[in-house]
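Engineer: So here's start23.cif, just mmCIF, C-alpha atoms:
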data_run
#
loop_
_atom_site.group_PDB
_atom_site.id
_atom_site.type_symbol
_atom_site.label_atom_id
_atom_site.label_comp_id
_atom_site.auth_asym_id
_atom_site.auth_seq_id
_atom_site.Cartn_x
_atom_site.Cartn_y
_atom_site.Cartn_z
ATOM 1 C CA LYS A 1 0.000 0.000 0.000
ATOM 2 C CA ILE A 2 2.767 2.457 0.901
ATOM 3 C CA VAL A 3 4.734 1.880 -2.308
ATOM 4 C CA SER A 4 1.551 2.222 -4.348
ATOM 5 C CA ALA A 5 0.740 5.479 -2.566
ATOM 6 C CA ILE A 6 4.213 6.839 -3.332
ATOM 7 C CA GLU A 7 3.909 5.801 -6.978
ATOM 8 C CA SER A 8 0.530 7.544 -7.282
ATOM 9 C CA ALA A 9 1.797 10.714 -5.645
ATOM 10 C CA CYS A 10 4.918 10.890 -7.815
ATOM 11 C CA ALA A 11 2.918 10.277 -11.003
ATOM 12 C CA GLU A 12 0.568 13.113 -10.066
ATOM 13 C CA ILE A 13 3.424 15.472 -9.184
ATOM 14 C CA ALA A 14 5.162 14.576 -12.461
ATOM 15 C CA LEU A 15 2.121 15.795 -14.380
ATOM 16 C CA GLU A 16 2.034 19.067 -12.452
ATOM 17 C CA VAL A 17 5.748 19.619 -13.138
ATOM 18 C CA LYS A 18 5.192 18.869 -16.825
ATOM 19 C CA LEU A 19 2.519 21.578 -16.976
ATOM 20 C CA ALA A 20 4.522 24.075 -14.961
ATOM 21 C CA ASN A 21 5.920 26.074 -17.876
ATOM 22 C CA ILE A 22 2.655 26.285 -19.805
ATOM 23 C CA SER A 23 1.713 29.946 -19.655
ATOM 24 C CA SER A 24 -1.974 29.246 -18.980
ATOM 25 C CA GLN A 25 -0.955 27.429 -15.805
ATOM 26 C CA GLY A 26 1.877 29.766 -14.827
ATOM 27 C CA ARG A 27 3.064 27.618 -11.918
ATOM 28 C CA ALA A 28 6.779 27.842 -12.681
ATOM 29 C CA HIS A 29 6.596 31.628 -12.970
ATOM 30 C CA ASP A 30 4.221 32.062 -10.056
ATOM 31 C CA GLN A 31 4.436 35.614 -8.778
ATOM 32 C CA LYS A 32 2.440 34.697 -5.677
ATOM 33 C CA SER A 33 5.348 32.758 -4.194
ATOM 34 C CA SER A 34 5.531 32.977 -0.410
ATOM 35 C CA PHE A 35 8.271 32.099 2.038
ATOM 36 C CA ASN A 36 8.197 29.055 4.279
ATOM 37 C CA PHE A 37 9.168 29.049 7.944
ATOM 38 C CA SER A 38 12.847 28.548 6.990
ATOM 39 C CA GLY A 39 12.830 31.754 4.974
ATOM 40 C CA GLU A 40 13.017 29.932 1.620
ATOM 41 C CA LYS A 41 10.845 30.919 -1.329
ATOM 42 C CA GLN A 42 7.878 28.563 -1.550
ATOM 43 C CA LYS A 43 6.171 28.246 -4.921
ATOM 44 C CA THR A 44 2.662 27.052 -5.656
ATOM 45 C CA LEU A 45 4.185 23.804 -6.957
ATOM 46 C CA ASP A 46 5.907 23.214 -3.604
ATOM 47 C CA ILE A 47 2.580 23.497 -1.821
ATOM 48 C CA MET A 48 0.764 21.361 -4.396
ATOM 49 C CA ALA A 49 3.382 18.587 -4.213
ATOM 50 C CA ASN A 50 3.229 18.662 -0.415
ATOM 51 C CA ASP A 51 -0.569 18.382 -0.449
ATOM 52 C CA ILE A 52 -0.481 15.513 -2.965
ATOM 53 C CA LEU A 53 1.946 13.518 -0.823
ATOM 54 C CA LYS A 54 0.009 14.158 2.396
ATOM 55 C CA LYS A 55 -3.224 13.005 0.788
ATOM 56 C CA CYS A 56 -1.677 9.830 -0.635
ATOM 57 C CA CYS A 57 -0.084 9.010 2.728
ATOM 58 C CA ARG A 58 -3.392 9.457 4.534
ATOM 59 C CA ASP A 59 -5.429 7.589 1.936
ATOM 60 C CA CYS A 60 -3.232 4.482 2.089
ATOM 61 C CA GLY A 61 -4.140 4.081 5.787
ATOM 62 C CA GLU A 62 -0.664 2.936 6.845
ATOM 63 C CA ILE A 63 1.059 6.221 7.759
ATOM 64 C CA ASN A 64 0.670 7.474 11.314
ATOM 65 C CA LEU A 65 3.104 10.411 11.263
ATOM 66 C CA ILE A 66 4.075 12.680 8.387
ATOM 67 C CA ALA A 67 7.069 15.025 8.406
ATOM 68 C CA SER A 68 7.663 17.300 5.437
ATOM 69 C CA GLU A 69 10.209 19.961 4.567
ATOM 70 C CA GLU A 70 7.233 22.255 3.935
ATOM 71 C CA GLU A 71 5.642 21.727 7.378
ATOM 72 C CA ILE A 72 6.801 23.370 10.605
ATOM 73 C CA GLU A 73 6.005 20.305 12.721
ATOM 74 C CA PRO A 74 5.104 16.652 12.009
ATOM 75 C CA ILE A 75 1.414 16.043 11.382
ATOM 76 C CA ILE A 76 -0.890 13.085 11.952
ATOM 77 C CA GLY A 77 -1.724 10.850 9.017
ATOM 78 C CA THR A 78 -3.938 7.930 10.128
ATOM 79 C CA GLU A 79 -4.368 7.229 13.838
ATOM 80 C CA THR A 80 -4.030 3.467 13.358
ATOM 81 C CA GLY A 81 -1.057 3.694 10.997
ATOM 82 C CA ARG A 82 2.112 1.737 11.818
ATOM 83 C CA TYR A 83 4.616 3.769 9.818
ATOM 84 C CA ILE A 84 6.223 7.193 9.555
ATOM 85 C CA ALA A 85 6.740 9.081 6.293
ATOM 86 C CA VAL A 86 9.273 11.864 5.720
ATOM 87 C CA PHE A 87 9.701 13.747 2.461
ATOM 88 C CA ASP A 88 10.951 16.714 0.502
ATOM 89 C CA PRO A 89 7.953 17.185 -1.813
ATOM 90 C CA LEU A 90 9.713 19.012 -4.657
ATOM 91 C CA ASP A 91 13.476 19.310 -4.435
ATOM 92 C CA GLY A 92 14.922 21.926 -6.799
ATOM 93 C CA SER A 93 11.631 23.705 -7.497
ATOM 94 C CA SER A 94 13.484 26.999 -8.048
ATOM 95 C CA ASN A 95 14.930 25.448 -11.226
ATOM 96 C CA ILE A 96 11.626 24.563 -12.897
ATOM 97 C CA ASP A 97 11.360 27.736 -14.971
ATOM 98 C CA ALA A 98 14.692 26.760 -16.592
ATOM 99 C CA SER A 99 13.450 23.179 -17.218
ATOM 100 C CA ILE A 100 16.196 21.716 -15.008
ATOM 101 C CA PRO A 101 15.266 18.320 -13.490
ATOM 102 C CA THR A 102 13.585 18.338 -10.087
ATOM 103 C CA GLY A 103 12.555 15.544 -7.761
ATOM 104 C CA THR A 104 10.693 14.167 -4.760
ATOM 105 C CA ILE A 105 12.658 12.550 -1.919
ATOM 106 C CA PHE A 106 11.022 10.212 0.613
ATOM 107 C CA GLY A 107 11.718 7.830 3.470
ATOM 108 C CA ILE A 108 9.629 5.411 5.544
ATOM 109 C CA TYR A 109 10.226 4.204 9.128
ATOM 110 C CA ARG A 110 8.374 1.834 11.430
ATOM 111 C CA LYS A 111 6.626 3.515 14.318
ATOM 112 C CA ASP A 112 7.924 2.412 17.706
ATOM 113 C CA CYS A 113 4.995 2.414 20.122
ATOM 114 C CA ASP A 114 7.387 2.791 23.061
ATOM 115 C CA LEU A 115 8.568 6.161 21.756
ATOM 116 C CA SER A 116 6.820 9.528 21.651
ATOM 117 C CA ASP A 117 5.866 11.063 18.308
ATOM 118 C CA GLY A 118 8.822 13.415 18.566
ATOM 119 C CA GLU A 119 11.247 10.566 19.240
ATOM 120 C CA ASN A 120 9.796 8.495 16.397
ATOM 121 C CA ILE A 121 10.408 11.268 13.888
ATOM 122 C CA LEU A 122 14.026 11.621 15.048
ATOM 123 C CA GLN A 123 15.112 8.075 14.233
ATOM 124 C CA PRO A 124 18.522 7.735 12.556
ATOM 125 C CA GLY A 125 18.596 6.854 8.873
ATOM 126 C CA SER A 126 19.956 3.405 9.737
ATOM 127 C CA LYS A 127 16.424 2.495 10.870
ATOM 128 C CA MET A 128 14.805 3.447 7.567
ATOM 129 C CA ILE A 129 12.949 0.548 5.941
ATOM 130 C CA LEU A 130 12.129 2.188 2.605
ATOM 131 C CA GLY A 131 13.703 5.148 0.868
ATOM 132 C CA GLY A 132 13.928 6.664 -2.548
ATOM 133 C CA TYR A 133 13.305 9.516 -4.892
ATOM 134 C CA ALA A 134 11.487 10.431 -8.079
ATOM 135 C CA LEU A 135 13.365 12.364 -10.761
ATOM 136 C CA TYR A 136 11.262 14.554 -13.028
ATOM 137 C CA GLY A 137 13.293 15.062 -16.189
ATOM 138 C CA ALA A 138 13.199 13.751 -19.768
ATOM 139 C CA SER A 139 11.263 10.884 -18.213
ATOM 140 C CA THR A 140 9.949 10.334 -14.706
ATOM 141 C CA THR A 141 12.167 7.841 -12.913
ATOM 142 C CA LEU A 142 11.385 6.325 -9.523
ATOM 143 C CA VAL A 143 14.410 4.954 -7.649
ATOM 144 C CA ILE A 144 13.556 2.963 -4.544
ATOM 145 C CA SER A 145 15.007 0.578 -1.976
ATOM 146 C CA LEU A 146 13.233 -1.556 0.597
ATOM 147 C CA GLY A 147 16.515 -2.413 2.293
ATOM 148 C CA ASN A 148 17.536 -5.165 -0.106
ATOM 149 C CA GLY A 149 19.119 -3.468 -3.109
ATOM 150 C CA THR A 150 18.188 -0.414 -5.157
ATOM 151 C CA HIS A 151 15.944 -0.503 -8.213
ATOM 152 C CA SER A 152 14.660 2.026 -10.751
ATOM 153 C CA PHE A 153 11.314 2.301 -12.517
ATOM 154 C CA VAL A 154 10.149 4.559 -15.351
ATOM 155 C CA LEU A 155 6.684 6.090 -15.601
ATOM 156 C CA ASN A 156 4.598 5.260 -18.655
ATOM 157 C CA SER A 157 2.583 8.451 -19.085
ATOM 158 C CA GLU A 158 -0.030 6.648 -21.172
ATOM 159 C CA ASP A 159 -1.248 4.357 -18.398
ATOM 160 C CA GLY A 160 0.207 6.164 -15.354
ATOM 161 C CA LYS A 161 2.143 3.083 -14.176
ATOM 162 C CA PHE A 162 5.804 2.588 -13.298
ATOM 163 C CA TYR A 163 7.760 -0.193 -15.022
ATOM 164 C CA LEU A 164 11.035 -1.736 -13.860
ATOM 165 C CA SER A 165 13.979 -0.360 -15.823
ATOM 166 C CA ARG A 166 17.042 -1.322 -13.724
ATOM 167 C CA ASN A 167 17.126 -4.112 -11.178
ATOM 168 C CA ASN A 168 19.643 -4.216 -8.319
ATOM 169 C CA ILE A 169 21.686 -1.169 -9.331
ATOM 170 C CA LYS A 170 25.372 -1.245 -8.382
ATOM 171 C CA ILE A 171 27.288 2.013 -8.129
ATOM 172 C CA PRO A 172 30.916 1.782 -9.336
ATOM 173 C CA ARG A 173 33.604 1.630 -6.639
ATOM 174 C CA TRP A 174 35.228 4.747 -8.122
ATOM 175 C CA GLY A 175 33.758 7.448 -10.285
ATOM 176 C CA LYS A 176 35.039 9.889 -12.880
ATOM 177 C CA SER A 177 33.304 13.064 -11.709
ATOM 178 C CA TYR A 178 32.489 15.188 -8.679
ATOM 179 C CA SER A 179 29.455 17.399 -8.083
ATOM 180 C CA LEU A 180 29.401 20.533 -5.925
ATOM 181 C CA ASN A 181 29.388 24.325 -6.339
ATOM 182 C CA GLU A 182 33.060 24.956 -7.067
ATOM 183 C CA ALA A 183 32.484 28.717 -7.287
ATOM 184 C CA ARG A 184 32.551 28.693 -3.477
ATOM 185 C CA ALA A 185 35.982 27.038 -3.228
ATOM 186 C CA SER A 186 37.436 30.097 -1.470
ATOM 187 C CA ASP A 187 35.182 29.285 1.507
ATOM 188 C CA TRP A 188 36.168 25.612 1.687
ATOM 189 C CA PRO A 189 38.490 24.139 4.323
ATOM 190 C CA GLU A 190 41.949 23.050 3.232
ATOM 191 C CA GLY A 191 41.070 19.349 3.235
ATOM 192 C CA LEU A 192 38.255 19.775 0.712
ATOM 193 C CA ARG A 193 40.274 22.104 -1.530
ATOM 194 C CA LYS A 194 43.152 19.623 -1.683
ATOM 195 C CA TYR A 195 40.815 16.657 -2.245
ATOM 196 C CA ILE A 196 39.098 18.306 -5.227
ATOM 197 C CA SER A 197 42.414 19.563 -6.619
ATOM 198 C CA ASP A 198 43.870 16.051 -6.485
ATOM 199 C CA LEU A 199 40.788 14.545 -8.134
ATOM 200 C CA LYS A 200 41.056 16.987 -11.051
ATOM 201 C CA SER A 201 44.757 16.382 -11.561
ATOM 202 C CA GLY A 202 44.590 12.588 -11.257
ATOM 203 C CA ARG A 203 46.563 12.508 -8.002
ATOM 204 C CA GLY A 204 43.803 10.663 -6.127
ATOM 205 C CA GLU A 205 43.867 6.972 -5.255
ATOM 206 C CA SER A 206 42.088 5.969 -8.478
ATOM 207 C CA LYS A 207 44.560 7.984 -10.637
ATOM 208 C CA ILE A 208 41.593 9.125 -12.736
ATOM 209 C CA HIS A 209 41.302 12.762 -13.846
ATOM 210 C CA TYR A 210 37.840 13.713 -12.571
ATOM 211 C CA ASP A 211 35.431 16.083 -14.335
ATOM 212 C CA LEU A 212 33.034 18.522 -12.684
ATOM 213 C CA ILE A 213 29.401 17.614 -13.408
ATOM 214 C CA TYR A 214 27.136 19.895 -11.388
ATOM 215 C CA ILE A 215 23.445 20.283 -12.214
ATOM 216 C CA CYS A 216 22.536 22.238 -9.066
ATOM 217 C CA SER A 217 19.609 19.910 -8.425
ATOM 218 C CA PHE A 218 20.361 17.468 -5.614
ATOM 219 C CA VAL A 219 18.193 14.628 -6.932
ATOM 220 C CA ALA A 220 19.662 14.956 -10.432
ATOM 221 C CA ASP A 221 23.239 15.160 -9.153
ATOM 222 C CA VAL A 222 22.849 12.050 -6.976
ATOM 223 C CA HIS A 223 21.036 10.207 -9.778
ATOM 224 C CA HIS A 224 24.005 10.749 -12.109
ATOM 225 C CA VAL A 225 26.415 9.526 -9.437
ATOM 226 C CA LEU A 226 24.285 6.448 -8.700
ATOM 227 C CA PHE A 227 24.621 5.255 -12.285
ATOM 228 C CA HIS A 228 28.103 6.514 -13.152
ATOM 229 C CA GLY A 229 29.937 6.706 -9.830
ATOM 230 C CA GLY A 230 31.723 9.674 -8.281
ATOM 231 C CA ILE A 231 30.632 12.005 -5.507
ATOM 232 C CA ALA A 232 27.714 14.435 -5.047
ATOM 233 C CA SER A 233 28.035 16.839 -2.167
ATOM 234 C CA ASN A 234 27.258 20.020 -0.321
ATOM 235 C CA PRO A 235 30.029 20.660 2.239
ATOM 236 C CA ARG A 236 28.071 23.167 4.331
ATOM 237 C CA SER A 237 25.108 22.503 6.610
ATOM 238 C CA HIS A 238 22.500 23.149 3.948
ATOM 239 C CA LEU A 239 20.737 19.868 3.119
ATOM 240 C CA ARG A 240 18.196 18.590 5.631
ATOM 241 C CA LEU A 241 19.181 15.362 7.353
ATOM 242 C CA ILE A 242 15.692 13.845 7.654
ATOM 243 C CA TYR A 243 14.158 14.833 4.308
ATOM 244 C CA GLU A 244 17.124 14.870 1.927
ATOM 245 C CA SER A 245 20.404 13.434 3.205
ATOM 246 C CA ASN A 246 19.045 10.287 4.890
ATOM 247 C CA PRO A 247 16.806 8.940 2.084
ATOM 248 C CA MET A 248 19.399 9.650 -0.628
ATOM 249 C CA SER A 249 22.148 8.066 1.484
ATOM 250 C CA PHE A 250 19.953 5.004 2.069
ATOM 251 C CA VAL A 251 19.376 4.497 -1.665
ATOM 252 C CA VAL A 252 23.050 4.901 -2.587
ATOM 253 C CA GLU A 253 24.318 2.689 0.254
ATOM 254 C CA GLN A 254 21.860 -0.033 -0.761
ATOM 255 C CA ALA A 255 23.516 0.139 -4.188
ATOM 256 C CA GLY A 256 26.962 -0.407 -2.668
ATOM 257 C CA GLY A 257 27.946 3.226 -2.226
ATOM 258 C CA LYS A 258 28.616 5.257 0.896
ATOM 259 C CA SER A 259 27.563 8.501 2.525
ATOM 260 C CA SER A 260 29.308 10.782 4.979
ATOM 261 C CA THR A 261 29.080 14.050 6.844
ATOM 262 C CA GLY A 262 32.786 14.354 6.106
ATOM 263 C CA LYS A 263 33.537 12.667 9.408
ATOM 264 C CA ALA A 264 31.086 9.791 9.850
ATOM 265 C CA SER A 265 28.208 7.941 8.180
ATOM 266 C CA ILE A 266 25.136 10.069 7.572
ATOM 267 C CA LEU A 267 22.838 7.134 8.382
ATOM 268 C CA SER A 268 24.317 6.861 11.881
ATOM 269 C CA GLU A 269 23.470 10.477 12.727
ATOM 270 C CA VAL A 270 20.675 10.877 15.288
ATOM 271 C CA PRO A 271 18.693 13.999 14.306
ATOM 272 C CA SER A 272 18.508 16.763 16.899
ATOM 273 C CA HIS A 273 15.367 18.300 15.383
ATOM 274 C CA VAL A 274 13.129 17.737 12.359
ATOM 275 C CA HIS A 275 14.740 20.401 10.184
ATOM 276 C CA GLN A 276 18.387 19.809 11.104
ATOM 277 C CA ARG A 277 20.842 20.503 8.283
ATOM 278 C CA ILE A 278 24.203 18.768 7.821
ATOM 279 C CA PRO A 279 27.179 18.649 5.420
ATOM 280 C CA THR A 280 26.463 15.872 2.913
ATOM 281 C CA PHE A 281 28.764 13.737 0.775
ATOM 282 C CA ILE A 282 27.237 10.807 -1.153
ATOM 283 C CA GLY A 283 28.693 8.517 -3.787
ATOM 284 C CA SER A 284 31.076 5.711 -4.682
ATOM 285 C CA ALA A 285 32.547 3.869 -1.703
ATOM 286 C CA GLY A 286 36.137 4.484 -2.774
ATOM 287 C CA ASP A 287 35.562 8.185 -3.293
ATOM 288 C CA ILE A 288 33.825 8.715 0.052
ATOM 289 C CA LEU A 289 36.465 6.807 2.017
ATOM 290 C CA GLU A 290 39.194 8.834 0.323
ATOM 291 C CA LEU A 291 37.351 12.077 1.113
ATOM 292 C CA GLU A 292 37.242 11.171 4.812
ATOM 293 C CA LYS A 293 40.985 10.447 4.757
ATOM 294 C CA TYR A 294 41.656 13.922 3.375
ATOM 295 C CA GLY A 295 39.481 15.367 6.124
ATOM 296 C CA LYS A 296 41.565 13.658 8.799
ATOM 297 C CA LEU A 297 44.909 14.529 7.223
ATOM 298 C CA TYR A 298 44.300 18.130 6.157
ATOM 299 C CA GLY A 299 42.005 19.727 8.699
ATOM 300 C CA GLY A 300 38.519 18.716 7.613
ATOM 301 C CA VAL A 301 36.251 18.807 4.554
ATOM 302 C CA GLN A 302 33.172 20.378 6.132
ATOM 303 C CA GLN A 303 32.510 24.034 5.355
ATOM 304 C CA LEU A 304 31.735 25.339 8.829
ATOM 305 C CA GLY A 305 29.820 28.478 9.712
ATOM 306 C CA ASN A 306 27.048 27.851 7.153
ATOM 307 C CA LYS A 307 27.728 31.064 5.263
ATOM 308 C CA LYS A 308 24.637 32.425 3.533
ATOM 309 C CA TYR A 309 24.642 32.933 -0.222
ATOM 310 C CA ASP A 310 22.180 34.705 -2.513
ATOM 311 C CA GLN A 311 21.062 31.365 -3.985
#
Would you mind giving the structure from this file in structure tokens?
Structural biologist:
Amino acid sequence: KIVSAIESACAEIALEVKLANISSQGRAHDQKSSFNFSGEKQKTLDIMANDILKKCCRDCGEINLIASEEEIEPIIGTETGRYIAVFDPLDGSSNIDASIPTGTIFGIYRKDCDLSDGENILQPGSKMILGGYALYGASTTLVISLGNGTHSFVLNSEDGKFYLSRNNIKIPRWGKSYSLNEARASDWPEGLRKYISDLKSGRGESKIHYDLIYICSFVADVHHVLFHGGIASNPRSHLRLIYESNPMSFVVEQAGGKSSTGKASILSEVPSHVHQRIPTFIGSAGDILELEKYGKLYGGVQQLGNKKYDQ
């Protein structure tokens, strides 16, 4: 029921994204955008995607607690539900007017009846039982793991159903590219600057000269890394642990990759609050382990201070 609910929600959101740049709809160019409680611009599509996911979670009858990037606090789904759903309804929505791929990120946990609602929401990613994302691009791709491998499905727009496209995906041990905003290199710690410099020049452990492939859409960047290897990252505390970093880490680790805060596994982090943000590095196992070595040897890879940028 839960997987079916997620499929239905993502198919519906995919249609809304597809219509976003049609002038009669005007959703990508919405001038009525508001700001959410985090101070981020919130478009009509963000709200619509959030409402679609909440409705599908409630209608399936299995979700007791719902936590969303667009909600201040967790909300009740179905009183008798046995599971918890967390999601980023529309990651990268600011890019829609430029037709850059966007996505939905989600995770599911079992509800522990011995814990309070607040404690249930703050479970570490290691306790996730289902995680994944939908990528809205040239096609709509659903990538999902139930804790036993990672698989991808493609939406057939004619019948509204998802069909298996890749079974048991395996991310390469090493990649050939890295993904992050290199324009901010002057604000990076020495460890991260040296790591990226060595990747580009072929001085890393793999001896491969890495390319920069940066889409500036987290779902799209991780999706590329999942299939081709490498590393997708944001070194500052920008991505939300519960809604973004945990589910994406879960999917990649189930495909044989690794995730890190720059110091330790993301999935081992116990959230301090529902909207906690952390440095995030996700990708090929070899690349992530090498990154952590650079952090230990050269003074860290996390960009501390969480400097604010215009975008």
Engineer: Using the file's own x, y and z axes, so that the box edges lie along x, y and z, what centre and edge lengths in Å (one decimal) does a box around every listed atom of segment 229-240 of chain A get when 4 Å is added on each side? Give it as AutoDock Vina command-line options.
Structural biologist:
--center_x 25.0 --center_y 14.9 --center_z -1.6 --size_x 21.5 --size_y 24.5 --size_z 24.4
Engineer: Would you kindly translate the PyMOL selection byres ((chain A and resi 278) around 6) into the concrete residues it picks from this file, as a PyMOL selection string?
Structural biologist: chain A and resi 237+239+277+279
Engineer: Decode the PyMOL selection byres ((chain A and resi 100) around 10) for the given file into explicit residues and return them as an MDAnalysis selection string.
Structural biologist: chainID A and resid 92:99 101:102 136:138 215:217 220
Engineer: Run the PyMOL selection byres ((chain A and resi 269) around 10) against the file shown and list the residues it catches, as a ChimeraX atom specification.
Structural biologist: /A:122-126,241-242,246,260-261,264-268,270-272,278
Engineer: Limited to C-alpha atoms, could you put the picked residues into a file as a compact mmCIF listing (two decimals), in the frame of the given file?
Structural biologist:
# COMPACT_ATOMS: atom_id res chain seq x y z
CA LEU A 122 14.03 11.62 15.05
CA GLN A 123 15.11 8.07 14.23
CA PRO A 124 18.52 7.74 12.56
CA GLY A 125 18.60 6.85 8.87
CA SER A 126 19.96 3.40 9.74
CA LEU A 241 19.18 15.36 7.35
CA ILE A 242 15.69 13.84 7.65
CA ASN A 246 19.05 10.29 4.89
CA SER A 260 29.31 10.78 4.98
CA THR A 261 29.08 14.05 6.84
CA ALA A 264 31.09 9.79 9.85
CA SER A 265 28.21 7.94 8.18
CA ILE A 266 25.14 10.07 7.57
CA LEU A 267 22.84 7.13 8.38
CA SER A 268 24.32 6.86 11.88
CA VAL A 270 20.68 10.88 15.29
CA PRO A 271 18.69 14.00 14.31
CA SER A 272 18.51 16.76 16.90
CA ILE A 278 24.20 18.77 7.82
Engineer: For the interface of segment 217-301 of chain A with segment 171-183 of chain A (cut-off 12 Å, counting only C-alpha atoms), please tabulate each contacting residue of segment 217-301 of chain A alongside its nearest pair of atoms and their separation in Å to one decimal, rows sorted by chain and increasing number, as CSV.
Structural biologist:
residue,atom,partner,partner_atom,distance
A:Ser217,CA,A:Leu180,CA,10.1
A:Phe218,CA,A:Ser179,CA,9.4
A:Val219,CA,A:Ser179,CA,11.7
A:Ala220,CA,A:Ser179,CA,10.4
A:Asp221,CA,A:Ser179,CA,6.7
A:Val222,CA,A:Ser179,CA,8.6
A:His223,CA,A:Ile171,CA,10.4
A:His224,CA,A:Ser179,CA,9.5
A:Val225,CA,A:Ile171,CA,7.7
A:Leu226,CA,A:Ile171,CA,5.4
A:Phe227,CA,A:Ile171,CA,5.9
A:His228,CA,A:Gly175,CA,6.4
A:Gly229,CA,A:Gly175,CA,3.9
A:Gly230,CA,A:Gly175,CA,3.6
A:Ile231,CA,A:Tyr178,CA,4.9
A:Ala232,CA,A:Ser179,CA,4.6
A:Ser233,CA,A:Leu180,CA,5.4
A:Asn234,CA,A:Leu180,CA,6.0
A:Pro235,CA,A:Leu180,CA,8.2
A:Arg236,CA,A:Leu180,CA,10.7
A:Val251,CA,A:Ile171,CA,10.5
A:Val252,CA,A:Ile171,CA,7.6
A:Glu253,CA,A:Ile171,CA,8.9
A:Gln254,CA,A:Ile171,CA,9.4
A:Ala255,CA,A:Ile171,CA,5.8
A:Gly256,CA,A:Ile171,CA,6.0
A:Gly257,CA,A:Ile171,CA,6.1
A:Lys258,CA,A:Ile171,CA,9.7
A:Pro279,CA,A:Leu180,CA,11.7
A:Thr280,CA,A:Leu180,CA,10.4
A:Phe281,CA,A:Leu180,CA,9.6
A:Ile282,CA,A:Ser179,CA,9.8
A:Gly283,CA,A:Ile171,CA,7.9
A:Ser284,CA,A:Arg173,CA,5.2
A:Ala285,CA,A:Arg173,CA,5.5
A:Gly286,CA,A:Trp174,CA,5.4
A:Asp287,CA,A:Trp174,CA,5.9
A:Ile288,CA,A:Trp174,CA,9.2
A:Leu289,CA,A:Trp174,CA,10.4
A:Glu290,CA,A:Trp174,CA,10.2
A:Leu291,CA,A:Tyr178,CA,11.4
Engineer: Just C-alpha atoms for this one: save the residues we selected as a CSV table (one decimal), in the coordinates of the input.
Structural biologist:
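Contents of part15.csv, as written:
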chain,number,residue,atom,x,y,z
A,217,SER,CA,19.6,19.9,-8.4
A,218,PHE,CA,20.4,17.5,-5.6
A,219,VAL,CA,18.2,14.6,-6.9
A,220,ALA,CA,19.7,15.0,-10.4
A,221,ASP,CA,23.2,15.2,-9.2
A,222,VAL,CA,22.8,12.0,-7.0
A,223,HIS,CA,21.0,10.2,-9.8
A,224,HIS,CA,24.0,10.7,-12.1
A,225,VAL,CA,26.4,9.5,-9.4
A,226,LEU,CA,24.3,6.4,-8.7
A,227,PHE,CA,24.6,5.3,-12.3
A,228,HIS,CA,28.1,6.5,-13.2
A,229,GLY,CA,29.9,6.7,-9.8
A,230,GLY,CA,31.7,9.7,-8.3
A,231,ILE,CA,30.6,12.0,-5.5
A,232,ALA,CA,27.7,14.4,-5.0
A,233,SER,CA,28.0,16.8,-2.2
A,234,ASN,CA,27.3,20.0,-0.3
A,235,PRO,CA,30.0,20.7,2.2
A,236,ARG,CA,28.1,23.2,4.3
A,251,VAL,CA,19.4,4.5,-1.7
A,252,VAL,CA,23.0,4.9,-2.6
A,253,GLU,CA,24.3,2.7,0.3
A,254,GLN,CA,21.9,0.0,-0.8
A,255,ALA,CA,23.5,0.1,-4.2
A,256,GLY,CA,27.0,-0.4,-2.7
A,257,GLY,CA,27.9,3.2,-2.2
A,258,LYS,CA,28.6,5.3,0.9
A,279,PRO,CA,27.2,18.6,5.4
A,280,THR,CA,26.5,15.9,2.9
A,281,PHE,CA,28.8,13.7,0.8
A,282,ILE,CA,27.2,10.8,-1.2
A,283,GLY,CA,28.7,8.5,-3.8
A,284,SER,CA,31.1,5.7,-4.7
A,285,ALA,CA,32.5,3.9,-1.7
A,286,GLY,CA,36.1,4.5,-2.8
A,287,ASP,CA,35.6,8.2,-3.3
A,288,ILE,CA,33.8,8.7,0.1
A,289,LEU,CA,36.5,6.8,2.0
A,290,GLU,CA,39.2,8.8,0.3
A,291,LEU,CA,37.4,12.1,1.1
Engineer: For a test of reading the model, state the distance in Å between atom CA of Ser206 of chain A and atom CA of Gly262 of chain A, rounded to one decimal.
Structural biologist: 19.2 Å
